[in-house]
$ cat input-v3.pdb   # PDB, C-alpha atoms
ATOM      1  CA  MET H   4    -105.064-117.338 -38.067  1.00  0.00           C
ATOM      2  CA  THR H   5    -104.858-113.767 -36.764  1.00  0.00           C
ATOM      3  CA  GLU H   6    -101.456-112.103 -36.706  1.00  0.00           C
ATOM      4  CA  SER H   7    -100.440-110.610 -33.374  1.00  0.00           C
ATOM      5  CA  PRO H   8    -100.343-106.787 -33.461  1.00  0.00           C
ATOM      6  CA  SER H   9     -97.259-106.831 -31.244  1.00  0.00           C
ATOM      7  CA  PRO H  10     -93.885-108.298 -32.229  1.00  0.00           C
ATOM      8  CA  VAL H  11     -93.314-111.865 -31.071  1.00  0.00           C
ATOM      9  CA  ALA H  12     -90.107-113.197 -29.526  1.00  0.00           C
ATOM     10  CA  ILE H  13     -89.246-116.786 -28.653  1.00  0.00           C
ATOM     11  CA  VAL H  14     -86.770-117.071 -25.787  1.00  0.00           C
ATOM     12  CA  THR H  15     -85.312-120.483 -25.027  1.00  0.00           C
ATOM     13  CA  GLY H  16     -84.182-121.189 -21.491  1.00  0.00           C
ATOM     14  CA  ALA H  17     -86.473-118.436 -20.177  1.00  0.00           C
ATOM     15  CA  ARG H  18     -87.414-120.131 -16.922  1.00  0.00           C
ATOM     16  CA  LYS H  19     -84.695-118.419 -14.861  1.00  0.00           C
ATOM     17  CA  GLY H  20     -81.362-116.607 -14.937  1.00  0.00           C
ATOM     18  CA  ILE H  21     -80.297-114.678 -18.022  1.00  0.00           C
ATOM     19  CA  GLY H  22     -83.178-116.056 -20.073  1.00  0.00           C
ATOM     20  CA  ARG H  23     -85.797-114.811 -17.636  1.00  0.00           C
ATOM     21  CA  PHE H  24     -84.191-111.381 -17.394  1.00  0.00           C
ATOM     22  CA  LEU H  25     -84.053-111.000 -21.164  1.00  0.00           C
ATOM     23  CA  ALA H  26     -87.607-112.269 -21.551  1.00  0.00           C
ATOM     24  CA  GLU H  27     -88.772-109.661 -19.046  1.00  0.00           C
ATOM     25  CA  ARG H  28     -86.771-107.034 -20.927  1.00  0.00           C
ATOM     26  CA  LEU H  29     -88.561-107.900 -24.164  1.00  0.00           C
ATOM     27  CA  LEU H  30     -91.936-107.855 -22.429  1.00  0.00           C
ATOM     28  CA  SER H  31     -91.203-104.346 -21.156  1.00  0.00           C
ATOM     29  CA  GLN H  32     -90.505-103.307 -24.754  1.00  0.00           C
ATOM     30  CA  GLY H  33     -93.915-104.464 -25.966  1.00  0.00           C
ATOM     31  CA  TYR H  34     -93.102-107.938 -27.246  1.00  0.00           C
ATOM     32  CA  THR H  35     -95.264-110.978 -26.806  1.00  0.00           C
ATOM     33  CA  VAL H  36     -92.726-113.439 -25.416  1.00  0.00           C
ATOM     34  CA  VAL H  37     -92.893-117.197 -25.822  1.00  0.00           C
ATOM     35  CA  ALA H  38     -90.880-118.897 -23.089  1.00  0.00           C
ATOM     36  CA  ALA H  39     -89.486-122.200 -24.339  1.00  0.00           C
ATOM     37  CA  SER H  40     -87.784-124.164 -21.571  1.00  0.00           C
ATOM     38  CA  ARG H  41     -87.708-127.839 -20.656  1.00  0.00           C
ATOM     39  CA  HIS H  42     -89.935-127.130 -17.657  1.00  0.00           C
ATOM     40  CA  PRO H  43     -92.774-124.652 -17.086  1.00  0.00           C
ATOM     41  CA  CYS H  44     -91.788-121.154 -16.026  1.00  0.00           C
ATOM     42  CA  GLU H  45     -91.794-120.347 -12.333  1.00  0.00           C
ATOM     43  CA  TRP H  46     -93.020-116.840 -13.108  1.00  0.00           C
ATOM     44  CA  ALA H  47     -95.803-115.173 -15.051  1.00  0.00           C
ATOM     45  CA  ALA H  48     -96.424-111.801 -16.688  1.00  0.00           C
ATOM     46  CA  ASP H  49     -98.788-110.110 -19.100  1.00  0.00           C
ATOM     47  CA  GLY H  50     -97.707-111.009 -22.613  1.00  0.00           C
ATOM     48  CA  LEU H  51     -95.811-114.147 -21.574  1.00  0.00           C
ATOM     49  CA  VAL H  52     -96.778-117.399 -23.294  1.00  0.00           C
ATOM     50  CA  ASP H  53     -95.255-120.403 -21.551  1.00  0.00           C
ATOM     51  CA  LEU H  54     -94.731-123.311 -23.953  1.00  0.00           C
ATOM     52  CA  PRO H  55     -92.321-125.838 -22.408  1.00  0.00           C
ATOM     53  CA  SER H  56     -90.221-127.611 -25.010  1.00  0.00           C
ATOM     54  CA  ASP H  57     -86.988-129.539 -25.439  1.00  0.00           C
ATOM     55  CA  VAL H  58     -84.830-127.672 -27.957  1.00  0.00           C
ATOM     56  CA  THR H  59     -82.790-130.813 -28.643  1.00  0.00           C
ATOM     57  CA  ASN H  60     -85.846-132.740 -29.857  1.00  0.00           C
ATOM     58  CA  GLU H  61     -86.690-132.123 -33.516  1.00  0.00           C
ATOM     59  CA  GLN H  62     -90.349-133.037 -33.216  1.00  0.00           C
ATOM     60  CA  ALA H  63     -90.758-130.928 -30.085  1.00  0.00           C
ATOM     61  CA  VAL H  64     -89.180-127.911 -31.787  1.00  0.00           C
ATOM     62  CA  ARG H  65     -91.416-128.271 -34.833  1.00  0.00           C
ATOM     63  CA  ALA H  66     -94.477-128.563 -32.602  1.00  0.00           C
ATOM     64  CA  LEU H  67     -93.410-125.500 -30.610  1.00  0.00           C
ATOM     65  CA  VAL H  68     -92.977-123.299 -33.676  1.00  0.00           C
ATOM     66  CA  LYS H  69     -96.237-124.567 -35.171  1.00  0.00           C
ATOM     67  CA  GLU H  70     -98.058-123.665 -31.953  1.00  0.00           C
ATOM     68  CA  VAL H  71     -96.494-120.196 -31.850  1.00  0.00           C
ATOM     69  CA  VAL H  72     -97.592-119.530 -35.433  1.00  0.00           C
ATOM     70  CA  ALA H  73    -101.099-120.822 -34.678  1.00  0.00           C
ATOM     71  CA  ARG H  74    -101.379-118.447 -31.730  1.00  0.00           C
ATOM     72  CA  THR H  75     -99.622-115.347 -33.052  1.00  0.00           C
ATOM     73  CA  GLY H  76     -99.096-115.728 -36.797  1.00  0.00           C
ATOM     74  CA  ARG H  77     -95.533-114.453 -36.647  1.00  0.00           C
ATOM     75  CA  VAL H  78     -92.075-114.678 -35.096  1.00  0.00           C
ATOM     76  CA  ASP H  79     -89.937-111.541 -35.107  1.00  0.00           C
ATOM     77  CA  VAL H  80     -87.154-112.489 -32.699  1.00  0.00           C
ATOM     78  CA  LEU H  81     -85.524-115.745 -31.693  1.00  0.00           C
ATOM     79  CA  LEU H  82     -83.207-115.626 -28.702  1.00  0.00           C
ATOM     80  CA  ASN H  83     -81.321-118.914 -28.391  1.00  0.00           C
ATOM     81  CA  ASN H  84     -80.366-118.665 -24.749  1.00  0.00           C
ATOM     82  CA  ALA H  85     -80.851-122.260 -23.557  1.00  0.00           C
ATOM     83  CA  GLY H  86     -77.487-123.718 -22.679  1.00  0.00           C
ATOM     84  CA  ALA H  87     -75.557-126.251 -20.665  1.00  0.00           C
ATOM     85  CA  ALA H  88     -72.077-126.047 -19.143  1.00  0.00           C
ATOM     86  CA  SER H  89     -69.595-128.355 -17.485  1.00  0.00           C
ATOM     87  CA  MET H  90     -66.166-127.925 -15.911  1.00  0.00           C
ATOM     88  CA  ASN H  91     -64.053-130.867 -17.033  1.00  0.00           C
ATOM     89  CA  HIS H  92     -60.550-131.363 -18.350  1.00  0.00           C
ATOM     90  CA  ALA H  93     -60.708-132.769 -21.880  1.00  0.00           C
ATOM     91  CA  LEU H  94     -59.230-136.061 -20.681  1.00  0.00           C
ATOM     92  CA  LEU H  95     -61.772-136.364 -17.880  1.00  0.00           C
ATOM     93  CA  THR H  96     -64.925-135.464 -19.819  1.00  0.00           C
ATOM     94  CA  PRO H  97     -67.439-138.330 -20.089  1.00  0.00           C
ATOM     95  CA  LEU H  98     -68.953-138.889 -23.514  1.00  0.00           C
ATOM     96  CA  ASP H  99     -72.443-138.328 -22.094  1.00  0.00           C
ATOM     97  CA  THR H 100     -71.383-134.874 -20.878  1.00  0.00           C
ATOM     98  CA  PHE H 101     -69.868-133.925 -24.227  1.00  0.00           C
ATOM     99  CA  ASN H 102     -72.982-135.113 -26.051  1.00  0.00           C
ATOM    100  CA  ARG H 103     -75.267-133.190 -23.683  1.00  0.00           C
ATOM    101  CA  LEU H 104     -73.408-129.928 -24.241  1.00  0.00           C
ATOM    102  CA  VAL H 105     -73.340-130.334 -28.003  1.00  0.00           C
ATOM    103  CA  GLN H 106     -77.010-131.303 -28.121  1.00  0.00           C
ATOM    104  CA  THR H 107     -78.167-128.377 -25.984  1.00  0.00           C
ATOM    105  CA  ASN H 108     -75.810-125.616 -27.074  1.00  0.00           C
ATOM    106  CA  LEU H 109     -75.307-126.418 -30.753  1.00  0.00           C
ATOM    107  CA  ILE H 110     -78.050-128.733 -31.970  1.00  0.00           C
ATOM    108  CA  GLY H 111     -80.724-126.858 -30.015  1.00  0.00           C
ATOM    109  CA  THR H 112     -79.613-123.538 -31.496  1.00  0.00           C
ATOM    110  CA  TRP H 113     -79.587-124.983 -35.007  1.00  0.00           C
ATOM    111  CA  LEU H 114     -82.967-126.708 -34.728  1.00  0.00           C
ATOM    112  CA  MET H 115     -84.701-123.644 -33.303  1.00  0.00           C
ATOM    113  CA  SER H 116     -83.112-121.370 -35.909  1.00  0.00           C
ATOM    114  CA  ARG H 117     -83.960-123.670 -38.812  1.00  0.00           C
ATOM    115  CA  GLU H 118     -87.634-123.904 -37.918  1.00  0.00           C
ATOM    116  CA  VAL H 119     -88.064-120.237 -36.991  1.00  0.00           C
ATOM    117  CA  ILE H 120     -86.371-119.008 -40.174  1.00  0.00           C
ATOM    118  CA  LYS H 121     -89.070-120.823 -42.157  1.00  0.00           C
ATOM    119  CA  VAL H 122     -91.603-118.560 -40.436  1.00  0.00           C
ATOM    120  CA  MET H 123     -89.557-115.347 -40.550  1.00  0.00           C
ATOM    121  CA  GLN H 124     -88.931-115.592 -44.273  1.00  0.00           C
ATOM    122  CA  ARG H 125     -92.652-115.189 -44.992  1.00  0.00           C
ATOM    123  CA  ARG H 126     -92.498-111.587 -43.749  1.00  0.00           C
ATOM    124  CA  LYS H 127     -88.941-110.964 -44.981  1.00  0.00           C
ATOM    125  CA  PHE H 128     -87.926-109.966 -41.476  1.00  0.00           C
ATOM    126  CA  GLY H 129     -86.350-111.575 -38.456  1.00  0.00           C
ATOM    127  CA  ARG H 130     -83.741-111.182 -35.761  1.00  0.00           C
ATOM    128  CA  ILE H 131     -81.894-114.191 -34.361  1.00  0.00           C
ATOM    129  CA  VAL H 132     -79.580-113.697 -31.404  1.00  0.00           C
ATOM    130  CA  ASN H 133     -77.515-116.594 -30.065  1.00  0.00           C
ATOM    131  CA  VAL H 134     -75.695-116.680 -26.751  1.00  0.00           C
ATOM    132  CA  SER H 135     -72.027-117.677 -26.524  1.00  0.00           C
ATOM    133  CA  SER H 136     -69.280-116.946 -24.023  1.00  0.00           C
ATOM    134  CA  ILE H 137     -65.906-115.292 -23.585  1.00  0.00           C
ATOM    135  CA  ALA H 138     -64.703-118.797 -22.779  1.00  0.00           C
ATOM    136  CA  VAL H 139     -64.421-119.259 -26.551  1.00  0.00           C
ATOM    137  CA  PRO H 140     -61.797-116.587 -27.370  1.00  0.00           C
ATOM    138  CA  PHE H 141     -60.000-117.400 -24.106  1.00  0.00           C
ATOM    139  CA  ARG H 142     -59.953-121.112 -25.033  1.00  0.00           C
ATOM    140  CA  LEU H 143     -60.677-121.558 -21.351  1.00  0.00           C
ATOM    141  CA  GLU H 144     -58.900-124.477 -19.718  1.00  0.00           C
ATOM    142  CA  GLY H 145     -61.175-126.990 -18.029  1.00  0.00           C
ATOM    143  CA  GLN H 146     -64.086-126.269 -20.359  1.00  0.00           C
ATOM    144  CA  ALA H 147     -63.106-128.106 -23.525  1.00  0.00           C
ATOM    145  CA  ALA H 148     -66.554-129.498 -24.324  1.00  0.00           C
ATOM    146  CA  TYR H 149     -68.321-126.242 -23.477  1.00  0.00           C
ATOM    147  CA  VAL H 150     -65.903-124.121 -25.503  1.00  0.00           C
ATOM    148  CA  ALA H 151     -66.112-126.494 -28.464  1.00  0.00           C
ATOM    149  CA  SER H 152     -69.915-126.382 -28.464  1.00  0.00           C
ATOM    150  CA  LYS H 153     -70.066-122.591 -28.170  1.00  0.00           C
ATOM    151  CA  ALA H 154     -67.364-122.079 -30.805  1.00  0.00           C
ATOM    152  CA  ALA H 155     -69.529-124.176 -33.098  1.00  0.00           C
ATOM    153  CA  VAL H 156     -72.512-121.950 -32.272  1.00  0.00           C
ATOM    154  CA  GLU H 157     -70.490-118.904 -33.316  1.00  0.00           C
ATOM    155  CA  ALA H 158     -69.428-120.495 -36.611  1.00  0.00           C
ATOM    156  CA  LEU H 159     -72.975-121.694 -37.279  1.00  0.00           C
ATOM    157  CA  SER H 160     -74.304-118.200 -36.604  1.00  0.00           C
ATOM    158  CA  GLN H 161     -71.932-116.546 -39.044  1.00  0.00           C
ATOM    159  CA  VAL H 162     -72.698-119.034 -41.808  1.00  0.00           C
ATOM    160  CA  MET H 163     -76.444-118.689 -41.252  1.00  0.00           C
ATOM    161  CA  ALA H 164     -76.098-114.901 -41.288  1.00  0.00           C
ATOM    162  CA  ARG H 165     -74.792-115.116 -44.849  1.00  0.00           C
ATOM    163  CA  GLU H 166     -77.389-117.677 -45.895  1.00  0.00           C
ATOM    164  CA  VAL H 167     -80.441-115.724 -44.689  1.00  0.00           C
ATOM    165  CA  ALA H 168     -79.352-112.129 -45.295  1.00  0.00           C
ATOM    166  CA  GLU H 169     -81.383-111.908 -48.501  1.00  0.00           C
ATOM    167  CA  LEU H 170     -84.465-112.908 -46.507  1.00  0.00           C
ATOM    168  CA  GLY H 171     -84.247-109.829 -44.294  1.00  0.00           C
ATOM    169  CA  ILE H 172     -83.067-111.915 -41.326  1.00  0.00           C
ATOM    170  CA  THR H 173     -80.026-111.093 -39.210  1.00  0.00           C
ATOM    171  CA  VAL H 174     -78.086-113.532 -37.022  1.00  0.00           C
ATOM    172  CA  ASN H 175     -75.772-112.265 -34.276  1.00  0.00           C
ATOM    173  CA  VAL H 176     -74.062-113.550 -31.134  1.00  0.00           C
ATOM    174  CA  ILE H 177     -73.683-112.248 -27.589  1.00  0.00           C
ATOM    175  CA  GLY H 178     -70.374-113.410 -26.096  1.00  0.00           C
ATOM    176  CA  ALA H 179     -71.264-113.081 -22.436  1.00  0.00           C
ATOM    177  CA  THR H 180     -68.918-112.794 -19.503  1.00  0.00           C
ATOM    178  CA  PRO H 181     -69.768-114.992 -16.491  1.00  0.00           C
ATOM    179  CA  VAL H 182     -72.906-113.735 -14.733  1.00  0.00           C
ATOM    180  CA  ALA H 183     -73.932-114.811 -11.240  1.00  0.00           C
ATOM    181  CA  THR H 184     -76.616-117.373 -12.131  1.00  0.00           C
ATOM    182  CA  ASP H 185     -77.337-121.003 -11.277  1.00  0.00           C
ATOM    183  CA  MET H 186     -75.067-122.069 -14.152  1.00  0.00           C
ATOM    184  CA  THR H 187     -72.009-120.356 -12.655  1.00  0.00           C
ATOM    185  CA  ARG H 188     -72.576-121.021  -8.948  1.00  0.00           C
ATOM    186  CA  GLY H 189     -70.844-124.382  -9.160  1.00  0.00           C
ATOM    187  CA  ILE H 190     -67.624-122.861 -10.508  1.00  0.00           C
ATOM    188  CA  PRO H 191     -64.936-122.550  -7.796  1.00  0.00           C
ATOM    189  CA  ALA H 192     -64.317-118.976  -6.653  1.00  0.00           C
ATOM    190  CA  GLU H 193     -60.603-119.160  -7.481  1.00  0.00           C
ATOM    191  CA  THR H 194     -61.439-120.184 -11.059  1.00  0.00           C
ATOM    192  CA  MET H 195     -63.770-117.214 -11.419  1.00  0.00           C
ATOM    193  CA  ASP H 196     -61.176-114.881  -9.917  1.00  0.00           C
ATOM    194  CA  ARG H 197     -58.540-116.033 -12.421  1.00  0.00           C
ATOM    195  CA  LEU H 198     -60.926-115.502 -15.314  1.00  0.00           C
ATOM    196  CA  VAL H 199     -61.983-112.034 -14.181  1.00  0.00           C
ATOM    197  CA  ALA H 200     -58.320-111.071 -13.737  1.00  0.00           C
ATOM    198  CA  ARG H 201     -57.770-111.712 -17.458  1.00  0.00           C
ATOM    199  CA  LEU H 202     -60.508-109.279 -18.452  1.00  0.00           C
ATOM    200  CA  PRO H 203     -59.838-105.620 -19.283  1.00  0.00           C
ATOM    201  CA  ILE H 204     -63.041-104.865 -17.341  1.00  0.00           C
ATOM    202  CA  ARG H 205     -62.294-106.827 -14.201  1.00  0.00           C
ATOM    203  CA  ARG H 206     -65.665-107.797 -12.842  1.00  0.00           C
ATOM    204  CA  LEU H 207     -68.359-110.358 -13.404  1.00  0.00           C
ATOM    205  CA  GLY H 208     -70.898-109.536 -16.052  1.00  0.00           C
ATOM    206  CA  THR H 209     -74.364-108.293 -15.158  1.00  0.00           C
ATOM    207  CA  LEU H 210     -77.740-109.070 -16.609  1.00  0.00           C
ATOM    208  CA  GLU H 211     -77.905-105.470 -17.818  1.00  0.00           C
ATOM    209  CA  ASP H 212     -74.625-105.960 -19.713  1.00  0.00           C
ATOM    210  CA  VAL H 213     -76.156-108.819 -21.675  1.00  0.00           C
ATOM    211  CA  ALA H 214     -79.445-106.988 -22.211  1.00  0.00           C
ATOM    212  CA  GLY H 215     -77.588-103.985 -23.619  1.00  0.00           C
ATOM    213  CA  VAL H 216     -76.124-106.071 -26.432  1.00  0.00           C
ATOM    214  CA  LEU H 217     -79.515-107.649 -27.129  1.00  0.00           C
ATOM    215  CA  ASP H 218     -81.048-104.163 -27.349  1.00  0.00           C
ATOM    216  CA  PHE H 219     -78.368-103.188 -29.874  1.00  0.00           C
ATOM    217  CA  PHE H 220     -78.940-106.202 -32.104  1.00  0.00           C
ATOM    218  CA  LEU H 221     -82.717-105.641 -32.082  1.00  0.00           C
ATOM    219  CA  ALA H 222     -82.676-101.866 -32.557  1.00  0.00           C
ATOM    220  CA  PRO H 223     -84.743-100.816 -35.596  1.00  0.00           C
ATOM    221  CA  GLY H 224     -81.818 -99.024 -37.225  1.00  0.00           C
ATOM    222  CA  ASN H 225     -79.467-101.993 -37.060  1.00  0.00           C
ATOM    223  CA  GLY H 226     -80.799-104.136 -39.880  1.00  0.00           C
ATOM    224  CA  ALA H 227     -77.351-104.168 -41.522  1.00  0.00           C
ATOM    225  CA  VAL H 228     -75.695-105.649 -38.419  1.00  0.00           C
ATOM    226  CA  THR H 229     -75.362-109.388 -38.960  1.00  0.00           C
ATOM    227  CA  GLY H 230     -72.821-112.160 -38.471  1.00  0.00           C
ATOM    228  CA  GLN H 231     -71.337-110.266 -35.522  1.00  0.00           C
ATOM    229  CA  ILE H 232     -70.042-111.571 -32.190  1.00  0.00           C
ATOM    230  CA  VAL H 233     -69.953-109.002 -29.413  1.00  0.00           C
ATOM    231  CA  TYR H 234     -67.828-110.178 -26.481  1.00  0.00           C
ATOM    232  CA  LEU H 235     -68.371-108.444 -23.170  1.00  0.00           C
ATOM    233  CA  GLY H 236     -65.740-107.507 -20.619  1.00  0.00           C
ATOM    234  CA  GLY H 237     -63.421-105.881 -23.150  1.00  0.00           C
ATOM    235  CA  VAL H 238     -62.445-109.165 -24.808  1.00  0.00           C
ATOM    236  CA  PRO H 239     -61.316-108.521 -28.401  1.00  0.00           C
ATOM    237  CA  ASN H 240     -63.280-110.110 -31.221  1.00  0.00           C
ATOM    238  CA  ILE H 241     -60.527-112.433 -32.478  1.00  0.00           C
TER     239      ILE H 241
END
$ encode --input "input-v3.pdb" --output "structure tokens"
Amino acid sequence: MTESPSPVAIVTGARKGIGRFLAERLLSQGYTVVAASRHPCEWAADGLVDLPSDVTNEQAVRALVKEVVARTGRVDVLLNNAGAASMNHALLTPLDTFNRLVQTNLIGTWLMSREVIKVMQRRKFGRIVNVSSIAVPFRLEGQAAYVASKAAVEALSQVMAREVAELGITVNVIGATPVATDMTRGIPAETMDRLVARLPIRRLGTLEDVAGVLDFFLAPGNGAVTGQIVYLGGVPNI
């Protein structure tokens, strides 16, 4: 096994939207990027390794990480971006929907992190960045299952940050504002308008906003930054 001379990042949910943008950002910074989505990527680039995988399936996740190590010998960054959302009142949320959100948002993040940490600890270095939402601190009405799953991601991240600090691994969270992607297009305009009106920075988020926080967490001088949640849009970290 030959170790890749360039840093290696795994990005889940990299087929489109925020995940694709962040994967392209990492490629531009010299990373070899492994795209891990349920379906093959609809785009290609130098340095992109497309390995479709289901982050909710334990065997699939183990096989994915094993393949990445076989090809590159290392994992420097894990970006847990894959996610699912649903707009439902708590009383109107089907069990299947709740399970799907928990499996994708929480279980997927945990499985990927668990397996990748086993690789990162060999080099005493790693950066894990998980994606959450301002819906969590807002306790956003109509998104009970989504908020619950993302709140759990935040708690998981902060516990893991403490557990792996001695291994040279940091774990942080991006609390994104809504960005115009496929995931948000189904949200009624009036709902979006009400949410934006509650923000100190009253606009939708941009892909660059999210990438800026990722850049911060991965910056070489920020190895002491861990267990942090950075909410965009001016939302306080409460």
$ closest_residue --input "input-v3.pdb" --among "H:Ile232, H:Val14, H:Val176, H:Cys44" --to "H:Met115" --atoms "only C-alpha atoms"
H:Val14
$ residues_around --input "input-v3.pdb" --residues "H:Gly215" --least-positions-apart "3" --cutoff "12 Å" --atoms "all atoms listed in the file" --output "PyMOL selection string"
chain H and resi 24-25+28-29+177+179+208-212+218-222+233-235
$ resolve_selection --input "input-v3.pdb" --expression "the PyMOL selection byres ((chain H and resi 61) around 12)" --output "PDB file with C-alpha atoms, in the frame of the given file"
ATOM      1  CA  SER H  56     -90.221-127.611 -25.010  1.00  0.00           C
ATOM      2  CA  ASP H  57     -86.988-129.539 -25.439  1.00  0.00           C
ATOM      3  CA  VAL H  58     -84.830-127.672 -27.957  1.00  0.00           C
ATOM      4  CA  THR H  59     -82.790-130.813 -28.643  1.00  0.00           C
ATOM      5  CA  ASN H  60     -85.846-132.740 -29.857  1.00  0.00           C
ATOM      6  CA  GLN H  62     -90.349-133.037 -33.216  1.00  0.00           C
ATOM      7  CA  ALA H  63     -90.758-130.928 -30.085  1.00  0.00           C
ATOM      8  CA  VAL H  64     -89.180-127.911 -31.787  1.00  0.00           C
ATOM      9  CA  ARG H  65     -91.416-128.271 -34.833  1.00  0.00           C
ATOM     10  CA  ALA H  66     -94.477-128.563 -32.602  1.00  0.00           C
ATOM     11  CA  LEU H  67     -93.410-125.500 -30.610  1.00  0.00           C
ATOM     12  CA  VAL H  68     -92.977-123.299 -33.676  1.00  0.00           C
ATOM     13  CA  GLN H 106     -77.010-131.303 -28.121  1.00  0.00           C
ATOM     14  CA  THR H 107     -78.167-128.377 -25.984  1.00  0.00           C
ATOM     15  CA  ILE H 110     -78.050-128.733 -31.970  1.00  0.00           C
ATOM     16  CA  GLY H 111     -80.724-126.858 -30.015  1.00  0.00           C
ATOM     17  CA  THR H 112     -79.613-123.538 -31.496  1.00  0.00           C
ATOM     18  CA  TRP H 113     -79.587-124.983 -35.007  1.00  0.00           C
ATOM     19  CA  LEU H 114     -82.967-126.708 -34.728  1.00  0.00           C
ATOM     20  CA  MET H 115     -84.701-123.644 -33.303  1.00  0.00           C
ATOM     21  CA  SER H 116     -83.112-121.370 -35.909  1.00  0.00           C
ATOM     22  CA  ARG H 117     -83.960-123.670 -38.812  1.00  0.00           C
ATOM     23  CA  GLU H 118     -87.634-123.904 -37.918  1.00  0.00           C
TER      24      GLU H 118
END
$ residues_near_point --input "input-v3.pdb" --point "(-65.3, -110.3, -19.5)" --cutoff "12 Å" --atoms "all atoms listed in the file" --output "PyMOL selection string"
chain H and resi 136-141+177-182+195-209+212-213+233-240
$ atom_distance --input "input-v3.pdb" --atom1 "atom CA of H:Ala87" --atom2 "atom CA of H:Gly230"
22.9 Å
$ residues_near_point --input "input-v3.pdb" --point "(-92.1, -117.9, -15.7)" --cutoff "12 Å" --atoms "only C-alpha atoms" --output "JSON, numbers by chain"
{"H": [14, 15, 16, 17, 18, 19, 20, 22, 23, 24, 25, 26, 27, 36, 37, 38, 39, 40, 41, 42, 43, 44, 45, 46, 47, 48, 49, 50, 51, 52, 53, 54, 55]}
$ residues_around --input "input-v3.pdb" --residues "stretch 76-86 of chain H" --least-positions-apart "6" --cutoff "7 Å" --atoms "all atoms listed in the file" --output "list in words"
Met4, Thr5, Glu6, Ser7, Pro10, Val11, Ala12, Ile13, Val14, Thr15, Gly16, Gly22, Thr107, Asn108, Thr112, Val122, Met123, Phe128, Gly129, Arg130, Ile131, Val132, Asn133 and Val134 of chain H
$ atom_distance --input "input-v3.pdb" --atom1 "atom CA of H:Leu170" --atom2 "atom CA of H:Val72"
18.4 Å
$ closest_residue --input "input-v3.pdb" --among "H:Gln231, H:Gly224, H:Ala183, H:Arg103" --to "H:Glu157" --atoms "all atoms listed in the file"
H:Gln231
$ atom_distance --input "input-v3.pdb" --atom1 "atom CA of H:Ala214" --atom2 "atom CA of H:Val156"
19.3 Å
$ residues_around --input "input-v3.pdb" --residues "H:Ala164" --least-positions-apart "3" --cutoff "9 Å" --atoms "only C-alpha atoms" --output "number ranges by chain"
H: 159-161, 167-168, 172-175, 229-231
$ closest_residue --input "input-v3.pdb" --among "H:Ala154, H:Leu217, H:Val228, H:Ala147" --to "H:Thr100" --atoms "only C-alpha atoms"
H:Ala147
$ build_atoms --input "input-v3.pdb" --residues "stretch 212-222 of chain H" --atoms "N, CA, C and O atoms" --output "PDB file, in the frame of the given file"
ATOM      1  N   ASP H 212     -75.647-105.908 -18.663  1.00  0.00           N
ATOM      2  CA  ASP H 212     -74.625-105.960 -19.713  1.00  0.00           C
ATOM      3  C   ASP H 212     -75.130-106.764 -20.904  1.00  0.00           C
ATOM      4  O   ASP H 212     -75.000-106.356 -22.065  1.00  0.00           O
ATOM      5  N   VAL H 213     -75.678-107.929 -20.613  1.00  0.00           N
ATOM      6  CA  VAL H 213     -76.156-108.819 -21.675  1.00  0.00           C
ATOM      7  C   VAL H 213     -77.346-108.189 -22.394  1.00  0.00           C
ATOM      8  O   VAL H 213     -77.436-108.207 -23.628  1.00  0.00           O
ATOM      9  N   ALA H 214     -78.257-107.599 -21.614  1.00  0.00           N
ATOM     10  CA  ALA H 214     -79.445-106.988 -22.211  1.00  0.00           C
ATOM     11  C   ALA H 214     -79.070-105.828 -23.127  1.00  0.00           C
ATOM     12  O   ALA H 214     -79.734-105.588 -24.145  1.00  0.00           O
ATOM     13  N   GLY H 215     -78.007-105.100 -22.789  1.00  0.00           N
ATOM     14  CA  GLY H 215     -77.588-103.985 -23.619  1.00  0.00           C
ATOM     15  C   GLY H 215     -77.187-104.421 -25.015  1.00  0.00           C
ATOM     16  O   GLY H 215     -77.483-103.735 -26.010  1.00  0.00           O
ATOM     17  N   VAL H 216     -76.506-105.559 -25.115  1.00  0.00           N
ATOM     18  CA  VAL H 216     -76.124-106.071 -26.432  1.00  0.00           C
ATOM     19  C   VAL H 216     -77.359-106.556 -27.191  1.00  0.00           C
ATOM     20  O   VAL H 216     -77.497-106.330 -28.403  1.00  0.00           O
ATOM     21  N   LEU H 217     -78.269-107.214 -26.485  1.00  0.00           N
ATOM     22  CA  LEU H 217     -79.515-107.649 -27.129  1.00  0.00           C
ATOM     23  C   LEU H 217     -80.268-106.441 -27.684  1.00  0.00           C
ATOM     24  O   LEU H 217     -80.743-106.465 -28.830  1.00  0.00           O
ATOM     25  N   ASP H 218     -80.374-105.380 -26.884  1.00  0.00           N
ATOM     26  CA  ASP H 218     -81.048-104.163 -27.349  1.00  0.00           C
ATOM     27  C   ASP H 218     -80.406-103.645 -28.637  1.00  0.00           C
ATOM     28  O   ASP H 218     -81.099-103.223 -29.565  1.00  0.00           O
ATOM     29  N   PHE H 219     -79.081-103.668 -28.689  1.00  0.00           N
ATOM     30  CA  PHE H 219     -78.368-103.188 -29.874  1.00  0.00           C
ATOM     31  C   PHE H 219     -78.713-104.018 -31.098  1.00  0.00           C
ATOM     32  O   PHE H 219     -79.023-103.489 -32.167  1.00  0.00           O
ATOM     33  N   PHE H 220     -78.669-105.336 -30.959  1.00  0.00           N
ATOM     34  CA  PHE H 220     -78.940-106.202 -32.104  1.00  0.00           C
ATOM     35  C   PHE H 220     -80.379-106.055 -32.608  1.00  0.00           C
ATOM     36  O   PHE H 220     -80.654-106.259 -33.797  1.00  0.00           O
ATOM     37  N   LEU H 221     -81.303-105.723 -31.702  1.00  0.00           N
ATOM     38  CA  LEU H 221     -82.717-105.641 -32.082  1.00  0.00           C
ATOM     39  C   LEU H 221     -83.164-104.239 -32.448  1.00  0.00           C
ATOM     40  O   LEU H 221     -84.302-104.049 -32.889  1.00  0.00           O
ATOM     41  N   ALA H 222     -82.302-103.249 -32.276  1.00  0.00           N
ATOM     42  CA  ALA H 222     -82.676-101.866 -32.557  1.00  0.00           C
ATOM     43  C   ALA H 222     -83.135-101.712 -34.000  1.00  0.00           C
ATOM     44  O   ALA H 222     -82.520-102.278 -34.922  1.00  0.00           O
TER      45      ALA H 222
END
